[in-house]
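Here's target-v2.cif, which has mmCIF, C-alpha atoms:
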```
data_entry
#
loop_
_atom_site.group_PDB
_atom_site.id
_atom_site.type_symbol
_atom_site.label_atom_id
_atom_site.label_comp_id
_atom_site.auth_asym_id
_atom_site.auth_seq_id
_atom_site.Cartn_x
_atom_site.Cartn_y
_atom_site.Cartn_z
ATOM 1 C CA MET A 1492 10.920 -4.533 59.826
ATOM 2 C CA ARG A 1493 7.790 -3.893 57.839
ATOM 3 C CA ARG A 1494 9.280 -0.659 56.481
ATOM 4 C CA ILE A 1495 12.387 -2.523 55.326
ATOM 5 C CA ALA A 1496 10.234 -5.118 53.623
ATOM 6 C CA LEU A 1497 8.277 -2.399 51.826
ATOM 7 C CA SER A 1498 11.506 -0.729 50.735
ATOM 8 C CA LEU A 1499 12.838 -3.997 49.354
ATOM 9 C CA LEU A 1500 9.571 -4.503 47.536
ATOM 10 C CA SER A 1501 9.830 -1.029 46.012
ATOM 11 C CA ILE A 1502 13.404 -1.649 44.883
ATOM 12 C CA THR A 1503 12.413 -4.982 43.364
ATOM 13 C CA ALA A 1504 9.558 -3.326 41.496
ATOM 14 C CA LEU A 1505 11.878 -0.562 40.239
ATOM 15 C CA VAL A 1506 14.440 -3.094 39.016
ATOM 16 C CA ALA A 1507 11.651 -4.932 37.185
ATOM 17 C CA VAL A 1508 10.506 -1.738 35.475
ATOM 18 C CA VAL A 1509 14.051 -0.771 34.449
ATOM 19 C CA SER A 1510 14.748 -4.297 33.181
ATOM 20 C CA SER A 1511 11.639 -4.330 31.035
ATOM 21 C CA ALA A 1512 12.355 -0.823 29.757
ATOM 22 C CA THR A 1513 15.836 -1.762 28.515
ATOM 23 C CA GLY A 1514 14.271 -4.557 26.462
ATOM 24 C CA ALA A 1515 11.809 -2.245 24.757
ATOM 25 C CA TYR A 1516 13.371 -0.643 21.722
ATOM 26 C CA PHE A 1517 11.972 2.065 19.525
ATOM 27 C CA SER A 1518 10.718 1.796 15.961
ATOM 28 C CA ASP A 1519 9.191 4.328 13.601
ATOM 29 C CA THR A 1520 7.395 3.777 10.308
ATOM 30 C CA ALA A 1521 6.824 5.964 7.244
ATOM 31 C CA ASN A 1522 5.220 5.166 3.901
ATOM 32 C CA SER A 1523 5.315 6.098 0.262
ATOM 33 C CA THR A 1524 1.991 5.169 -1.285
ATOM 34 C CA GLY A 1525 0.223 5.656 -4.598
ATOM 35 C CA ASN A 1526 3.205 4.888 -6.809
ATOM 36 C CA ILE A 1527 1.285 4.305 -10.028
ATOM 37 C CA PHE A 1528 2.637 2.735 -13.192
ATOM 38 C CA LEU A 1529 0.146 3.245 -15.989
ATOM 39 C CA PRO A 1530 0.528 2.122 -19.616
ATOM 40 C CA VAL A 1531 -0.413 4.147 -22.662
ATOM 41 C CA PRO A 1532 -4.142 4.183 -23.420
ATOM 42 C CA TRP A 1533 -3.819 1.899 -26.442
ATOM 43 C CA ILE A 1534 -2.454 -0.790 -24.135
ATOM 44 C CA LEU A 1535 -5.476 -0.239 -21.932
ATOM 45 C CA ASN A 1536 -7.699 -0.972 -24.967
ATOM 46 C CA MET B 1352 14.013 8.029 16.390
ATOM 47 C CA ASP B 1353 11.783 9.869 13.980
ATOM 48 C CA LEU B 1354 11.588 8.551 10.435
ATOM 49 C CA LYS B 1355 10.628 11.045 7.728
ATOM 50 C CA LEU B 1356 10.318 10.675 3.972
ATOM 51 C CA THR B 1357 10.800 13.200 1.208
ATOM 52 C CA ASP B 1358 10.579 12.867 -2.541
ATOM 53 C CA SER B 1359 11.109 15.179 -5.492
ATOM 54 C CA ASP B 1360 8.008 17.285 -4.811
ATOM 55 C CA GLU B 1361 7.126 16.823 -1.129
ATOM 56 C CA THR B 1362 8.708 17.977 2.117
ATOM 57 C CA ALA B 1363 9.740 15.677 4.966
ATOM 58 C CA GLN B 1364 6.761 13.891 6.485
ATOM 59 C CA ASP B 1365 5.549 10.501 7.653
ATOM 60 C CA ASN B 1366 3.724 9.668 4.432
ATOM 61 C CA VAL B 1367 4.497 10.800 0.911
ATOM 62 C CA THR B 1368 2.645 9.901 -2.264
ATOM 63 C CA ALA B 1369 3.510 9.250 -5.877
ATOM 64 C CA SER B 1370 7.275 9.187 -5.360
ATOM 65 C CA PHE B 1371 7.735 6.667 -8.145
ATOM 66 C CA GLY B 1372 5.798 5.813 -11.247
ATOM 67 C CA GLY B 1373 4.902 6.939 -14.714
ATOM 68 C CA THR B 1374 2.096 7.247 -17.221
ATOM 69 C CA ASN B 1375 1.741 6.477 -20.906
ATOM 70 C CA LEU B 1376 4.233 3.663 -20.487
ATOM 71 C CA LYS B 1377 4.946 1.414 -23.439
ATOM 72 C CA PRO B 1378 7.422 -1.363 -24.148
ATOM 73 C CA GLY B 1379 10.973 -0.061 -24.291
ATOM 74 C CA ASP B 1380 10.341 3.106 -22.281
ATOM 75 C CA GLN B 1381 12.866 4.162 -19.660
ATOM 76 C CA LEU B 1382 11.312 6.013 -16.732
ATOM 77 C CA PRO B 1383 13.164 9.008 -15.294
ATOM 78 C CA GLN B 1384 15.404 8.286 -12.339
ATOM 79 C CA GLN B 1385 13.276 8.842 -9.223
ATOM 80 C CA TYR B 1386 14.028 8.787 -5.502
ATOM 81 C CA ILE B 1387 12.734 8.733 -1.941
ATOM 82 C CA VAL B 1388 14.743 10.396 0.825
ATOM 83 C CA VAL B 1389 14.707 8.440 4.096
ATOM 84 C CA ARG B 1390 15.754 10.522 7.102
ATOM 85 C CA ASN B 1391 16.261 9.617 10.748
ATOM 86 C CA ALA B 1392 15.149 13.010 12.037
ATOM 87 C CA GLY B 1393 15.450 11.990 15.679
ATOM 88 C CA THR B 1394 18.346 11.974 18.111
ATOM 89 C CA VAL B 1395 18.585 8.206 18.647
ATOM 90 C CA ASN B 1396 20.561 6.059 16.222
ATOM 91 C CA GLY B 1397 18.766 3.267 14.416
ATOM 92 C CA HIS B 1398 20.263 -0.167 13.842
ATOM 93 C CA HIS B 1399 18.566 -0.990 10.552
ATOM 94 C CA LEU B 1400 15.793 -0.102 8.137
ATOM 95 C CA ASP B 1401 13.113 -2.440 6.868
ATOM 96 C CA LEU B 1402 11.725 -1.838 3.383
ATOM 97 C CA THR B 1403 8.623 -3.652 2.187
ATOM 98 C CA VAL B 1404 7.303 -3.153 -1.331
ATOM 99 C CA THR B 1405 3.655 -4.142 -1.701
ATOM 100 C CA LEU B 1406 1.847 -4.161 -5.013
ATOM 101 C CA THR B 1407 -1.641 -3.120 -3.932
ATOM 102 C CA THR B 1408 -2.812 -3.266 -7.562
ATOM 103 C CA GLY B 1409 -1.368 -5.451 -10.281
ATOM 104 C CA ASN B 1410 0.459 -7.963 -8.087
ATOM 105 C CA GLY B 1411 1.574 -10.809 -10.339
ATOM 106 C CA SER B 1412 0.593 -8.917 -13.486
ATOM 107 C CA GLY B 1413 2.489 -8.831 -16.735
ATOM 108 C CA LEU B 1414 3.240 -5.153 -16.203
ATOM 109 C CA ALA B 1415 4.718 -5.742 -12.713
ATOM 110 C CA ASN B 1416 6.975 -8.374 -14.265
ATOM 111 C CA ALA B 1417 7.903 -6.009 -17.093
ATOM 112 C CA LEU B 1418 9.075 -3.100 -14.893
ATOM 113 C CA VAL B 1419 12.748 -4.026 -15.005
ATOM 114 C CA PHE B 1420 15.579 -2.485 -13.000
ATOM 115 C CA PRO B 1421 18.429 -2.660 -15.477
ATOM 116 C CA TYR B 1422 22.055 -3.138 -14.636
ATOM 117 C CA SER B 1423 24.568 -2.226 -17.256
ATOM 118 C CA PRO B 1424 27.754 -0.175 -17.250
ATOM 119 C CA ASP B 1425 25.921 2.935 -18.385
ATOM 120 C CA SER B 1426 22.904 2.539 -16.095
ATOM 121 C CA GLN B 1427 24.038 1.562 -12.633
ATOM 122 C CA ASN B 1428 21.234 3.318 -10.800
ATOM 123 C CA GLY B 1429 18.558 0.751 -11.550
ATOM 124 C CA MET B 1430 18.068 0.417 -7.800
ATOM 125 C CA ARG B 1431 20.455 1.925 -5.263
ATOM 126 C CA PHE B 1432 20.290 2.965 -1.625
ATOM 127 C CA GLY B 1433 22.702 5.343 0.028
ATOM 128 C CA TYR B 1434 23.945 8.896 0.226
ATOM 129 C CA THR B 1435 24.740 9.581 -3.420
ATOM 130 C CA THR B 1436 24.543 7.493 -6.588
ATOM 131 C CA SER B 1437 28.313 7.140 -6.488
ATOM 132 C CA ALA B 1438 29.443 3.538 -6.061
ATOM 133 C CA GLY B 1439 31.374 4.543 -2.941
ATOM 134 C CA ASP B 1440 28.326 6.033 -1.237
ATOM 135 C CA SER B 1441 25.520 3.603 -1.944
ATOM 136 C CA ILE B 1442 24.719 -0.033 -2.413
ATOM 137 C CA ASN B 1443 23.884 -1.308 -5.861
ATOM 138 C CA MET B 1444 20.981 -3.470 -4.743
ATOM 139 C CA LEU B 1445 20.872 -5.293 -8.077
ATOM 140 C CA THR B 1446 24.419 -6.653 -8.005
ATOM 141 C CA TYR B 1447 23.985 -7.522 -4.325
ATOM 142 C CA LEU B 1448 20.770 -9.452 -4.960
ATOM 143 C CA ARG B 1449 22.314 -11.193 -7.951
ATOM 144 C CA GLY B 1450 25.381 -12.065 -5.890
ATOM 145 C CA THR B 1451 27.757 -10.613 -8.444
ATOM 146 C CA TYR B 1452 29.214 -7.726 -6.419
ATOM 147 C CA ASN B 1453 29.023 -6.370 -2.882
ATOM 148 C CA ASP B 1454 30.394 -2.854 -2.704
ATOM 149 C CA GLY B 1455 30.388 -2.897 1.114
ATOM 150 C CA ASP B 1456 28.200 0.133 1.742
ATOM 151 C CA TYR B 1457 25.166 -1.605 3.241
ATOM 152 C CA ASP B 1458 24.062 -5.189 3.680
ATOM 153 C CA LEU B 1459 20.660 -6.599 2.795
ATOM 154 C CA GLN B 1460 18.937 -9.341 4.754
ATOM 155 C CA ASP B 1461 15.609 -11.106 4.794
ATOM 156 C CA GLY B 1462 13.614 -8.998 7.220
ATOM 157 C CA ASP B 1463 11.909 -12.044 8.720
ATOM 158 C CA THR B 1464 14.800 -14.480 9.107
ATOM 159 C CA GLY B 1465 17.954 -12.361 9.041
ATOM 160 C CA ALA B 1466 19.362 -14.469 6.199
ATOM 161 C CA SER B 1467 21.635 -12.598 3.823
ATOM 162 C CA LEU B 1468 20.063 -11.606 0.527
ATOM 163 C CA TYR B 1469 23.433 -11.664 -1.244
ATOM 164 C CA GLY B 1470 22.732 -13.801 -4.288
ATOM 165 C CA ALA B 1471 19.050 -14.198 -3.401
ATOM 166 C CA LEU B 1472 18.140 -13.470 -7.028
ATOM 167 C CA ALA B 1473 21.167 -15.173 -8.584
ATOM 168 C CA GLY B 1474 20.401 -16.328 -12.073
ATOM 169 C CA ASP B 1475 17.552 -13.856 -12.449
ATOM 170 C CA ALA B 1476 18.353 -12.236 -15.775
ATOM 171 C CA GLU B 1477 16.039 -9.295 -15.104
ATOM 172 C CA ILE B 1478 15.169 -8.039 -11.628
ATOM 173 C CA THR B 1479 11.697 -6.560 -11.739
ATOM 174 C CA LEU B 1480 9.409 -4.654 -9.432
ATOM 175 C CA GLN B 1481 7.562 -7.944 -8.912
ATOM 176 C CA ASP B 1482 10.819 -9.615 -7.804
ATOM 177 C CA ILE B 1483 11.434 -6.872 -5.242
ATOM 178 C CA ALA B 1484 7.871 -7.203 -3.919
ATOM 179 C CA ASN B 1485 8.274 -10.984 -3.730
ATOM 180 C CA LEU B 1486 11.264 -10.585 -1.410
ATOM 181 C CA GLY B 1487 8.930 -9.291 1.300
ATOM 182 C CA ARG B 1488 10.594 -7.328 4.078
ATOM 183 C CA ILE B 1489 14.115 -6.284 3.106
ATOM 184 C CA ARG B 1490 16.412 -5.335 5.969
ATOM 185 C CA ILE B 1491 19.011 -2.647 5.168
ATOM 186 C CA ILE B 1492 21.956 -2.684 7.586
ATOM 187 C CA PRO B 1493 24.900 -0.258 7.655
ATOM 188 C CA ASP B 1494 28.278 -1.487 6.521
ATOM 189 C CA SER B 1495 30.717 1.279 5.603
ATOM 190 C CA ASN B 1496 27.770 3.671 5.165
ATOM 191 C CA ASN B 1497 24.991 4.381 7.619
ATOM 192 C CA GLU B 1498 23.064 7.337 6.163
ATOM 193 C CA GLY B 1499 19.342 7.195 6.774
ATOM 194 C CA ILE B 1500 19.834 5.073 9.879
ATOM 195 C CA VAL B 1501 22.096 7.067 12.203
ATOM 196 C CA ALA B 1502 20.388 10.037 13.870
ATOM 197 C CA GLY B 1503 20.382 13.208 11.804
ATOM 198 C CA THR B 1504 21.328 11.548 8.523
ATOM 199 C CA GLU B 1505 19.453 10.736 5.347
ATOM 200 C CA GLY B 1506 19.758 8.101 2.665
ATOM 201 C CA ARG B 1507 17.995 7.773 -0.643
ATOM 202 C CA LEU B 1508 16.448 4.965 -2.597
ATOM 203 C CA TRP B 1509 16.820 5.528 -6.327
ATOM 204 C CA ILE B 1510 14.991 3.544 -8.936
ATOM 205 C CA HIS B 1511 15.387 3.827 -12.669
ATOM 206 C CA PRO B 1512 13.235 1.179 -14.319
ATOM 207 C CA VAL B 1513 12.581 0.394 -17.947
ATOM 208 C CA VAL B 1514 9.528 -1.248 -19.457
ATOM 209 C CA ASP B 1515 10.523 -4.582 -20.901
ATOM 210 C CA THR B 1516 10.093 -4.824 -24.653
ATOM 211 C CA ASP B 1517 8.505 -8.223 -24.075
ATOM 212 C CA LEU B 1518 5.447 -6.646 -22.433
ATOM 213 C CA THR B 1519 2.323 -7.832 -24.184
ATOM 214 C CA ALA B 1520 -0.237 -7.759 -21.370
ATOM 215 C CA GLN B 1521 -2.834 -5.052 -21.785
ATOM 216 C CA GLY B 1522 -5.282 -3.286 -19.516
ATOM 217 C CA GLU B 1523 -3.053 -3.511 -16.435
ATOM 218 C CA THR B 1524 -2.069 -0.941 -13.839
ATOM 219 C CA VAL B 1525 0.481 -1.353 -11.058
ATOM 220 C CA VAL B 1526 0.260 0.546 -7.778
ATOM 221 C CA ALA B 1527 3.123 0.031 -5.342
ATOM 222 C CA ASP B 1528 3.523 0.992 -1.693
ATOM 223 C CA PHE B 1529 6.992 1.385 -0.200
ATOM 224 C CA ALA B 1530 6.806 0.950 3.586
ATOM 225 C CA TRP B 1531 9.819 1.885 5.705
ATOM 226 C CA THR B 1532 10.446 1.054 9.351
ATOM 227 C CA LEU B 1533 13.480 2.234 11.293
ATOM 228 C CA HIS B 1534 14.432 -0.061 14.180
ATOM 229 C CA GLN B 1535 16.701 0.735 17.092
ATOM 230 C CA ASP B 1536 18.067 -2.727 17.830
ATOM 231 C CA ALA B 1537 19.272 -5.814 15.968
ATOM 232 C CA SER B 1538 16.786 -7.965 17.888
ATOM 233 C CA GLN B 1539 13.826 -6.284 16.192
ATOM 234 C CA TYR B 1540 12.375 -8.363 13.385
#
```

What would the structure in this file look like if it were written as structure tokens?
Amino acid sequence: MRRIALSLLSITALVAVVSSATGAYFSDTANSTGNIFLPVPWILN
Amino acid sequence: MDLKLTDSDETAQDNVTASFGGTNLKPGDQLPQQYIVVRNAGTVNGHHLDLTVTLTTGNGSGLANALVFPYSPDSQNGMRFGYTTSAGDSINMLTYLRGTYNDGDYDLQDGDTGASLYGALAGDAEITLQDIANLGRIRIIPDSNNEGIVAGTEGRLWIHPVVDTDLTAQGETVVADFAWTLHQDASQY
């Protein structure tokens, strides 16, 4: 009986892990930095 | 999913620099057409891209408000995203934001609320770099095109700004960051 209870507990834990995994989606980020717009020197004084 | 960027002088990587910009700018100048390639280099399809433009220097400046993305019959690449600059392969972001024409290639939404950005800048005679930064996170969703989002494909963002002849502010510099995030699911905001 105890073994069955442990097995059920394991299955429940597995279902919980799978359920949480299906709700976790992937993302990935990339950046373009240092895009500089600079006026002519006479505008800079 | 594995998002990589490329520009005119750098190979695919997580971070590229100086993709856009120009020096010795003066009122009336037209910058060369410039682009960033956005590639989903992974094997898992994305659902959408988020683009956030942040002005790390010069936010709210006269220069940021004078970098205009023009729309006219002979200059339709003021700001486009897609596979080629052809109208059938990419979204004209300017007409979409003005609410004057949706060519059905991609849709744009507010990245925080999911609200459509169609017509978000209606009545804005000149869409500027400052306007794009003010929109915050822009969500790009496939419509008839999906390049840059589906695994193994790439899209491009083209910009082709001019310096407004009304620019009078002096001593200003604008530095802009373009941050891209590829998300797998519609639920990700």

For chain B versus chain A, which residues have an atom no more than 8 Å away, and what is each residue's nearest atom pair and distance in Å rounded to one decimal, using only C-alpha atoms, chain-then-number order, as a tab-separated table?
```
residue	atom	partner	partner_atom	distance
B:Met1352	CA	A:Asp1519	CA	6.7
B:Asp1353	CA	A:Asp1519	CA	6.1
B:Leu1354	CA	A:Asp1519	CA	5.8
B:Lys1355	CA	A:Ala1521	CA	6.4
B:Leu1356	CA	A:Ala1521	CA	6.7
B:Gln1364	CA	A:Ala1521	CA	8.0
B:Asp1365	CA	A:Ala1521	CA	4.7
B:Asn1366	CA	A:Asn1522	CA	4.8
B:Val1367	CA	A:Ser1523	CA	4.8
B:Thr1368	CA	A:Thr1524	CA	4.9
B:Ala1369	CA	A:Asn1526	CA	4.5
B:Ser1370	CA	A:Asn1526	CA	6.1
B:Phe1371	CA	A:Asn1526	CA	5.0
B:Gly1372	CA	A:Phe1528	CA	4.8
B:Gly1373	CA	A:Phe1528	CA	5.0
B:Thr1374	CA	A:Leu1529	CA	4.6
B:Asn1375	CA	A:Val1531	CA	3.6
B:Leu1376	CA	A:Pro1530	CA	4.1
B:Lys1377	CA	A:Pro1530	CA	5.9
B:Ala1520	CA	A:Ile1534	CA	7.8
B:Gln1521	CA	A:Ile1534	CA	4.9
B:Gly1522	CA	A:Leu1535	CA	3.9
B:Glu1523	CA	A:Leu1535	CA	6.8
B:Thr1524	CA	A:Leu1529	CA	5.2
B:Val1525	CA	A:Phe1528	CA	5.1
B:Val1526	CA	A:Ile1527	CA	4.5
B:Ala1527	CA	A:Asn1526	CA	5.1
B:Asp1528	CA	A:Thr1524	CA	4.5
B:Phe1529	CA	A:Ser1523	CA	5.0
B:Ala1530	CA	A:Asn1522	CA	4.5
B:Trp1531	CA	A:Ala1521	CA	5.3
B:Thr1532	CA	A:Thr1520	CA	4.2
B:Leu1533	CA	A:Asp1519	CA	5.3
B:His1534	CA	A:Ser1518	CA	4.5
B:Gln1535	CA	A:Phe1517	CA	5.5
B:Asp1536	CA	A:Tyr1516	CA	6.4
B:Gln1539	CA	A:Tyr1516	CA	7.9
```

(request) Would you translate the PyMOL selection byres ((chain B and resi 1479-1486) around 7) into the concrete set of residues it matches in this file, as a list in words? (result) Val1404, Thr1405, Leu1406, Gly1411, Ala1415, Asn1416, Ala1417, Leu1418, Val1419, Phe1420, Glu1477, Ile1478, Gly1487, Arg1488 and Ile1489 of chain B

(message) Which residues, named as in the file, does the PyMOL selection byres ((chain B and resi 1437) around 12) pick out? Answer as a VMD selection string.
(response) chain B and resid 1426 to 1428 1431 to 1436 1438 to 1443 1454 1456 1507 1509

Given the file above and the PyMOL selection byres ((chain B and resi 1515) around 6), which residues are selected, and can you give them as an mmCIF file with C-alpha atoms, in the coordinates of the input?
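Output contents, as saved in selection32.cif:
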```
data_model
loop_
_atom_site.group_PDB
_atom_site.id
_atom_site.type_symbol
_atom_site.label_atom_id
_atom_site.label_comp_id
_atom_site.auth_asym_id
_atom_site.auth_seq_id
_atom_site.Cartn_x
_atom_site.Cartn_y
_atom_site.Cartn_z
ATOM 1 C CA PRO B 1378 7.422 -1.363 -24.148
ATOM 2 C CA GLY B 1379 10.973 -0.061 -24.291
ATOM 3 C CA ALA B 1417 7.903 -6.009 -17.093
ATOM 4 C CA VAL B 1514 9.528 -1.248 -19.457
ATOM 5 C CA THR B 1516 10.093 -4.824 -24.653
ATOM 6 C CA ASP B 1517 8.505 -8.223 -24.075
ATOM 7 C CA LEU B 1518 5.447 -6.646 -22.433
#
```

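The interatomic distance for the pair atom CA of B:Asn1396 and atom CA of B:Pro1493 works out to 11.5 Å.
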
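Computed from the coordinates, the atom CA of B:Ala1476 to atom CA of B:Leu1459 distance equals 19.5 Å.
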
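Atom pair atom CA of B:Thr1407 / atom CA of B:Gly1499: separated by 25.7 Å.
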
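The shortest atom-to-atom distance to B:Ser1538, with all atoms listed in the file taken into account, belongs to B:Gly1397 out of B:Gly1455, B:Gly1470, B:Pro1383, B:Gly1397.
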